[in-house]
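Down below is the structure, laid out as structure tokens.
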Amino acid sequence: MDKKLALYICKGCSIGESIKLEKIETVSKNKMKVPVVRNHETLCGTEGIAMIKADIAAEGVNTLVLAACSGRVKYEEFDFPGCIVERVPVRELAVWSQEKTDAQQAAEDYIQMGIIKAQKGDMPEPYLMETVKDILVIGGGVAGMNAALQSANSGYKVVLVEKEASLGGFSAKLYKKIPTTLPFKEPLIVDVDLEPTIKSVESNENIKVFKSAKVEKIEGQPGQFDVTISSNGSSEVVKIGAVILAAGWKPYDATRLGHLGYGRFKNVVTQVELEEIAKKGAIARPSDGKPAKKVAFVQCAGQRDANHLPYCSAMCCAASLKQAKYVRQDPDAIAMILYKDMRTPGRTEYYYKEAQNDPGVMLTKADVSGVSEAPDGNLYVEMKDSLLGSSVKLEADLVVLATGMVPATADDPVLNLQYRQGPGLPDLELFNGFADSNFICFQYETRRTGVFAAGAVRQPMNMTEAQEDATGAALKAIQSAEHVAVGMSVHPRAWDLTFPDPMMTRCTSCKRCTEECPFGAIDEDEKGTPFFKPGRCRRCATCMGACPERIVSFKDYHVDMIGSMMKSTSIPDDEDEPRVFVICCENDAYPAIDTAALQKMKLDPAARFITLRCLGSMNLVWLADAFSRGVDGMLLMGCKFGDNYQCHFAKGSELANYRLGKVQETLDRLQLEADRVKLVEVAIDEYGKVPQMITDFVDKIKEIGPNPFKGM
Amino acid sequence: MSDQILKPDLEFTKEIIAAGGESLKKCYQCSTCTVVCDVTSDRKPFPRKEMLYAQWGLKDKLLASPDVWLCHQCSDCTAHCPRGAKPGEVLGAVRKMTIQEYSSPSFMGKMVNDSKFLLLLFAVPIIIFLFQLFIQGHLTHGIPRIPNGQLMSYSLMYPPTLYIDTVFVPVAFFAAFMFYKGLRKYWTAMSANYPAPPRKDVLTPLAETIREILKHSVFEKCGVSKDRSTAHKILFYSFVGLAITTTLAASYIYVFDYHGPYPQTNIIKWIGNVSGVAMLIGITMIVMNRFKNQEKAGTGSYFDWFFIVVVYGVGLTGMLAQILRLANIPVLGYPMYFAHLVFVFVLFAYAPYSKMAHMVYRTTAMVFAKYSNRR
């Protein structure tokens, strides 16, 4: 694209009073060669917008540098289709957060960086390929069937793969379910009534169902996955746009719960086994078929237990209340629920209230320590620290263990992706095997683009929640299929039309990019050369940060662009005035800084802020660029990493931190102190702490003293 | 440590529910009740554990519990309960069941707490006192007048020694004996179910308990129904006053051979009248508090109201009988005195089975709690 630049400086919001425009305008015109330079009293007003539009029409201006407010505000006003728009937050970073004496220099620096960014960037051109929008749903339980129906009813073709011979998943094994409508009232157990759903799935012309089937492998990328499905001895390859993983769960292996009597006593069963018993008729004990009159439910059997499942399965407390009502179909029978804590999230709390009103449903907090033999084939449930006594036991004729949910992905990749990084979703041990992610507010996301998780494979949940989950995941899968068809990224840069465009001639096949890509977007060809699959890419540019050869570029984001911006920034002559770059991620750190500035908190005048797509795209060459110019310090602000990471790209700040571990070498070469570079973790809500973090770092730099390269 | 085997009893839970604890199943053991209770001991706090015992039908633990009686039903717990489980009401129901459990003969306990038998309970004294009138010939010849005709006299209707005391002395002995039997069972059960290293003597705890009762110091810790403390205190002291009156009357007759009617200026009249008025004031305040707090604390059961009505009956008929006598209206006065005797009979003869029994059970529990170091 032939670019014609224009710089517009807004004088509103006290920008005009704080900075002198003439100098900036002259420099921009003459030194930076910006053909059109204008200012306006209120650029976001009708007149200001009209002025810009007139320039676009009359002057052929197509690359706009708007030196006004932050890009996080007024984005509807400053929307010019077909133009590159670079927003320079002069108001926030140079005026509101700076003392008057520092404002001018800051404004000059930021405007200059904005012009360079606009000059170095280019209009994105989407990566287009032949795509399909068909959706693969793995798992035919409540989540899978609903995801299939939601997608099909939205007009998308669906392929549903179920491993068993019939649809329904675990719900089909239930005797009764908890009513789905509020308020809960007797009867508190109702028919599962799965048939209508199964029928509508099987009769839906948009849905093709494979039963007794398995996903053998998934190759390719979103929009053009080649999925091999095997069923009854034959296999078939289908083209798929996006995948919904609804593979569900299985109960925890109760044979490991010998201390609770499982395997030792016939009359100790799991919740799932009680459903089978109930389906046969009355609640009878397995040993002799006698009706069970005293049934003990042991909650958290092997759950919230470091030796078994460390988590809570969220649905078992409500399930036991429901099963207690099975027991109470016999008016003389009692159900005794022994819990660590009753956990009935969401509206199941109302169910708890209603179910416990039955005098024959008795509950107590207790630590069940064992199950032992009692007379007449009965069992003693031994309890410690119970509310009924510190060491007591109860006699029961049937003991039911709430064994909890193990996700299908705990020991099976399920997806069988043919990716260099492996067949399953990565790092699931962070979530005890659940196909979950720490994508805050984006629960169906996984670290494989175009694959969305729903139902109990994602998190422990009940049928109602799985149904809601299915709808959410279906929407995300549809969005993914649509975006990839037009070459657009998905969450979190769901507007982005750029893609990584490596200069492969200079690739040394070092494989850092293939290893570091958080989304497994880069495979290798036979010779081991990286091979980008843009459909899988989330545009975090971690590959750009990883590449020692600096060959990975995006149209509007590349190593040279950021490096040039850094080089353009002023370095104060005075040795007491340091210059510090604050490199911040656009998702958390920058919004936090922006918020601090919007609240007119003062930011240290030594700091110049540069925003990255993700700290993972931090290339070490920038350190050399900056320090060799005389910059005194670099502060990297990224998201929290570790087990509870908050990074929108899962790994970005962690990788930046990892790379910083190697920066010592670079600094040594430059004979600089390691403390001149520091990474801090910032969450978006920590804006109140950000100014002090920066000041602390600047103070540290002042302590170290000026960069010896200063003025060279 | 030996594992105690718990015996959940669905039927017992249902009985508590039927006895006025219908909200007990709502409890989810958050312990807000125990936290807001100012009356509970810190070491063995209630009423949370009692709520759980009630839910599990743990009869032994509940009916032998001293803590159930340490509760004065302030209803602070009921007011603060996030689930509307009304622990105050539930403990009230359990106390009622405790009285029934230990009082003997047990059919009496059932009758006193069942409105079906109300007429029968009143029929007993009515028949006794009608019979007394009959054998004196009062039913056929009327009650003789004092010769000067100025004043009527209830001792002409029922000569105290021969008629009044032949009924009430056995009634008092009956009540006392039944109380003794009940308390002995209760104490044994408490000792078995709540073993604790007892203090050396029982007299110190007894003295402490009596001091507490006289001062109403526990009652005064109540929040929601704070006014009940004052009302109860007035009623309590009115009973004390009436007890003194009765003792004086007995000594006048049997020690000093001094027979009524006594002049209004006599000390016995002063004490009696002040106590009678206090009784009516106290019970009226109690009723008013009940209505005022019914939303937070509940209105109470038949068991409560039976007692309230009897106390009202005793007080009202007593005062009116005196007024009618002074006004010299025998046609109203004698029936009123008759009614008074009937109410007094009901109050005392059925005391071991009615709410009146709380007096001795609560006192016993308070002594036991101190004796076994529960507080």
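The way I read the labels, and the way they are meant: chains A, B, ... in the order of the structure tokens, residue 1 as the first residue of every chain, and ligand 1 as the first ligand shown, with later ones counted on from there.
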
*For chain A, report every residue with an atom at most 6 Å from chain B (counting only C-alpha atoms), formatted as a PyMOL selection string.*
chain A and resi 357+362+391-394

Saved selection, atoms kept: C-alpha atoms, as a tab-separated table (two decimals), in the first residue's frame:
```tsv
chain	number	residue	atom	x	y	z
A	357	ASN	CA	-36.37	-30.55	54.66
A	362	MET	CA	-29.97	-36.47	57.73
A	391	SER	CA	-15.17	-40.35	67.31
A	392	VAL	CA	-18.45	-42.00	66.48
A	393	LYS	CA	-19.89	-44.53	64.11
A	394	LEU	CA	-23.13	-45.07	62.32
```

*Using only C-alpha atoms, determine which residues lie at most 6 Å from Ala67 of chain A, disregarding the query and same-chain residues fewer than 4 positions distant; provide the list as a ChimeraX atom specification.*
/A:8-9,88,90

*Pick out each residue of segment 321-530 of chain A that DSSP on the backbone tags as strand (DSSP E or B); I need them as a ChimeraX atom specification.*
/A:334-339,361-365,367-373,379-386,389-396,398-401,405-407,417,445,451-453,522-524,530

_segment 201-204 of chain A environment, 12 Å, only C-alpha atoms, sequence neighbours closer than 6 positions dropped, as a PyMOL selection string_ = chain A and resi 137+140-142+144-153+155-161+166-168+194-195+210-211

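Minimum atom-to-atom distances from A:Thr26, A:Asn619, A:Ser234, A:Asn378 to Arg38 of chain A were compared using only C-alpha atoms, and the lowest value belongs to A:Thr26.
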
*Write out as a list of chain:residue names all residues of segment 270-327 of chain A that DSSP puts in alpha helix (DSSP H) for this structure's backbone.*
A:Gln271, A:Val272, A:Glu273, A:Leu274, A:Glu275, A:Glu276, A:Ile277, A:Ala278, A:Lys279, A:Lys280, A:Cys316, A:Cys317, A:Ala318, A:Ala319, A:Ser320, A:Leu321, A:Lys322, A:Gln323, A:Ala324, A:Lys325, A:Tyr326, A:Val327

How would the residues just picked look written out with N, CA and C atoms as a PDB file, in the first residue's frame?
```
ATOM      1  N   GLN A 271     -21.654 -43.746  43.688  1.00  0.00           N
ATOM      2  CA  GLN A 271     -22.877 -43.048  43.273  1.00  0.00           C
ATOM      3  C   GLN A 271     -23.383 -43.581  41.935  1.00  0.00           C
ATOM      4  N   VAL A 272     -22.430 -43.828  41.019  1.00  0.00           N
ATOM      5  CA  VAL A 272     -22.826 -44.307  39.694  1.00  0.00           C
ATOM      6  C   VAL A 272     -23.471 -45.691  39.812  1.00  0.00           C
ATOM      7  N   GLU A 273     -22.900 -46.527  40.687  1.00  0.00           N
ATOM      8  CA  GLU A 273     -23.481 -47.862  40.872  1.00  0.00           C
ATOM      9  C   GLU A 273     -24.866 -47.791  41.524  1.00  0.00           C
ATOM     10  N   LEU A 274     -25.054 -46.800  42.387  1.00  0.00           N
ATOM     11  CA  LEU A 274     -26.379 -46.659  42.997  1.00  0.00           C
ATOM     12  C   LEU A 274     -27.425 -46.308  41.936  1.00  0.00           C
ATOM     13  N   GLU A 275     -27.015 -45.536  40.928  1.00  0.00           N
ATOM     14  CA  GLU A 275     -27.952 -45.236  39.838  1.00  0.00           C
ATOM     15  C   GLU A 275     -28.391 -46.528  39.163  1.00  0.00           C
ATOM     16  N   GLU A 276     -27.431 -47.423  38.946  1.00  0.00           N
ATOM     17  CA  GLU A 276     -27.756 -48.711  38.313  1.00  0.00           C
ATOM     18  C   GLU A 276     -28.708 -49.512  39.192  1.00  0.00           C
ATOM     19  N   ILE A 277     -28.420 -49.517  40.508  1.00  0.00           N
ATOM     20  CA  ILE A 277     -29.296 -50.245  41.444  1.00  0.00           C
ATOM     21  C   ILE A 277     -30.696 -49.656  41.400  1.00  0.00           C
ATOM     22  N   ALA A 278     -30.751 -48.327  41.443  1.00  0.00           N
ATOM     23  CA  ALA A 278     -32.061 -47.661  41.464  1.00  0.00           C
ATOM     24  C   ALA A 278     -32.841 -47.926  40.190  1.00  0.00           C
ATOM     25  N   LYS A 279     -32.114 -48.018  39.080  1.00  0.00           N
ATOM     26  CA  LYS A 279     -32.783 -48.268  37.801  1.00  0.00           C
ATOM     27  C   LYS A 279     -33.493 -49.616  37.785  1.00  0.00           C
ATOM     28  N   LYS A 280     -32.951 -50.551  38.571  1.00  0.00           N
ATOM     29  CA  LYS A 280     -33.536 -51.895  38.585  1.00  0.00           C
ATOM     30  C   LYS A 280     -34.814 -51.947  39.415  1.00  0.00           C
ATOM     31  N   CYS A 316     -21.376 -33.692  43.236  1.00  0.00           N
ATOM     32  CA  CYS A 316     -21.708 -34.889  44.023  1.00  0.00           C
ATOM     33  C   CYS A 316     -22.589 -34.582  45.230  1.00  0.00           C
ATOM     34  N   CYS A 317     -22.459 -33.398  45.827  1.00  0.00           N
ATOM     35  CA  CYS A 317     -23.301 -33.100  46.988  1.00  0.00           C
ATOM     36  C   CYS A 317     -24.763 -33.071  46.558  1.00  0.00           C
ATOM     37  N   ALA A 318     -25.018 -32.375  45.443  1.00  0.00           N
ATOM     38  CA  ALA A 318     -26.397 -32.338  44.936  1.00  0.00           C
ATOM     39  C   ALA A 318     -26.835 -33.739  44.507  1.00  0.00           C
ATOM     40  N   ALA A 319     -25.900 -34.504  43.918  1.00  0.00           N
ATOM     41  CA  ALA A 319     -26.244 -35.862  43.469  1.00  0.00           C
ATOM     42  C   ALA A 319     -26.631 -36.735  44.665  1.00  0.00           C
ATOM     43  N   SER A 320     -25.907 -36.603  45.782  1.00  0.00           N
ATOM     44  CA  SER A 320     -26.252 -37.400  46.955  1.00  0.00           C
ATOM     45  C   SER A 320     -27.599 -36.984  47.534  1.00  0.00           C
ATOM     46  N   LEU A 321     -27.878 -35.682  47.498  1.00  0.00           N
ATOM     47  CA  LEU A 321     -29.201 -35.235  47.964  1.00  0.00           C
ATOM     48  C   LEU A 321     -30.296 -35.867  47.103  1.00  0.00           C
ATOM     49  N   LYS A 322     -29.998 -35.910  45.795  1.00  0.00           N
ATOM     50  CA  LYS A 322     -30.954 -36.524  44.875  1.00  0.00           C
ATOM     51  C   LYS A 322     -31.107 -38.008  45.199  1.00  0.00           C
ATOM     52  N   GLN A 323     -29.980 -38.695  45.385  1.00  0.00           N
ATOM     53  CA  GLN A 323     -30.032 -40.128  45.671  1.00  0.00           C
ATOM     54  C   GLN A 323     -30.662 -40.396  47.038  1.00  0.00           C
ATOM     55  N   ALA A 324     -30.515 -39.433  47.958  1.00  0.00           N
ATOM     56  CA  ALA A 324     -31.189 -39.567  49.249  1.00  0.00           C
ATOM     57  C   ALA A 324     -32.698 -39.641  49.029  1.00  0.00           C
ATOM     58  N   LYS A 325     -33.152 -38.904  48.025  1.00  0.00           N
ATOM     59  CA  LYS A 325     -34.585 -38.958  47.725  1.00  0.00           C
ATOM     60  C   LYS A 325     -34.978 -40.312  47.100  1.00  0.00           C
ATOM     61  N   TYR A 326     -34.030 -40.955  46.418  1.00  0.00           N
ATOM     62  CA  TYR A 326     -34.307 -42.331  45.960  1.00  0.00           C
ATOM     63  C   TYR A 326     -34.585 -43.204  47.178  1.00  0.00           C
ATOM     64  N   VAL A 327     -33.690 -43.079  48.165  1.00  0.00           N
ATOM     65  CA  VAL A 327     -33.805 -43.877  49.380  1.00  0.00           C
ATOM     66  C   VAL A 327     -35.132 -43.584  50.071  1.00  0.00           C
TER      67      VAL A 327
END
```

*Do you have the atom CA of Ala118 of chain A-atom CA of Ala6 of chain A distance handy?*
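Atom CA of Ala118 of chain A sits 9.6 Å away from atom CA of Ala6 of chain A.
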
*In Å, with one decimal, what is the gap from atom CA of Ala408 of chain A to atom CA of Ala314 of chain A?*
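One can read the atom CA of Ala408 of chain A to atom CA of Ala314 of chain A distance as 16.6 Å.
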
*Leaving out Gln303 of chain A and any residue of its chain fewer than 4 positions from it, which residues lie within 7 Å of it when counting only C-alpha atoms, given as a ChimeraX atom specification?*
/A:308-312,403-404

Residues as selected, N, CA and C atoms, written as a PDB file, in the first residue's frame, can you do that?
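In the end it all went to out10.pdb:
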```pdb
ATOM      1  N   HIS A 308      -5.689 -38.636  46.281  1.00  0.00           N
ATOM      2  CA  HIS A 308      -6.589 -39.082  45.211  1.00  0.00           C
ATOM      3  C   HIS A 308      -6.884 -37.908  44.280  1.00  0.00           C
ATOM      4  N   LEU A 309      -8.103 -37.382  44.317  1.00  0.00           N
ATOM      5  CA  LEU A 309      -8.394 -36.203  43.513  1.00  0.00           C
ATOM      6  C   LEU A 309      -8.282 -34.973  44.404  1.00  0.00           C
ATOM      7  N   PRO A 310      -7.432 -34.035  44.046  1.00  0.00           N
ATOM      8  CA  PRO A 310      -7.258 -32.894  44.950  1.00  0.00           C
ATOM      9  C   PRO A 310      -8.398 -31.874  44.875  1.00  0.00           C
ATOM     10  N   TYR A 311      -9.330 -32.082  43.951  1.00  0.00           N
ATOM     11  CA  TYR A 311     -10.352 -31.050  43.730  1.00  0.00           C
ATOM     12  C   TYR A 311     -11.744 -31.535  44.137  1.00  0.00           C
ATOM     13  N   CYS A 312     -12.669 -30.598  44.076  1.00  0.00           N
ATOM     14  CA  CYS A 312     -14.083 -30.855  44.346  1.00  0.00           C
ATOM     15  C   CYS A 312     -14.786 -31.043  43.013  1.00  0.00           C
ATOM     16  N   THR A 403     -17.555 -40.517  44.492  1.00  0.00           N
ATOM     17  CA  THR A 403     -16.158 -40.672  44.080  1.00  0.00           C
ATOM     18  C   THR A 403     -15.643 -39.567  43.178  1.00  0.00           C
ATOM     19  N   GLY A 404     -16.513 -38.768  42.624  1.00  0.00           N
ATOM     20  CA  GLY A 404     -16.026 -37.614  41.873  1.00  0.00           C
ATOM     21  C   GLY A 404     -15.679 -37.886  40.429  1.00  0.00           C
TER      22      GLY A 404
END
```

*Could you pull the residues within 6 Å of segment 172-183 of chain B, counting only C-alpha atoms, minus those fewer than 4 positions along the same chain, as a list in words?*
Tyr102, Ser103, Phe168, Trp187, Ala349 and Pro352 of chain B

*For segment 328-344 of chain B, list every protein, DNA or RNA residue within 6 Å, evaluated using only C-alpha atoms, and leave out those in the same chain fewer than 4 positions away; present the list as an MDAnalysis selection string.*
chainID B and resid 125 151:152 313:314 317:318 321 324
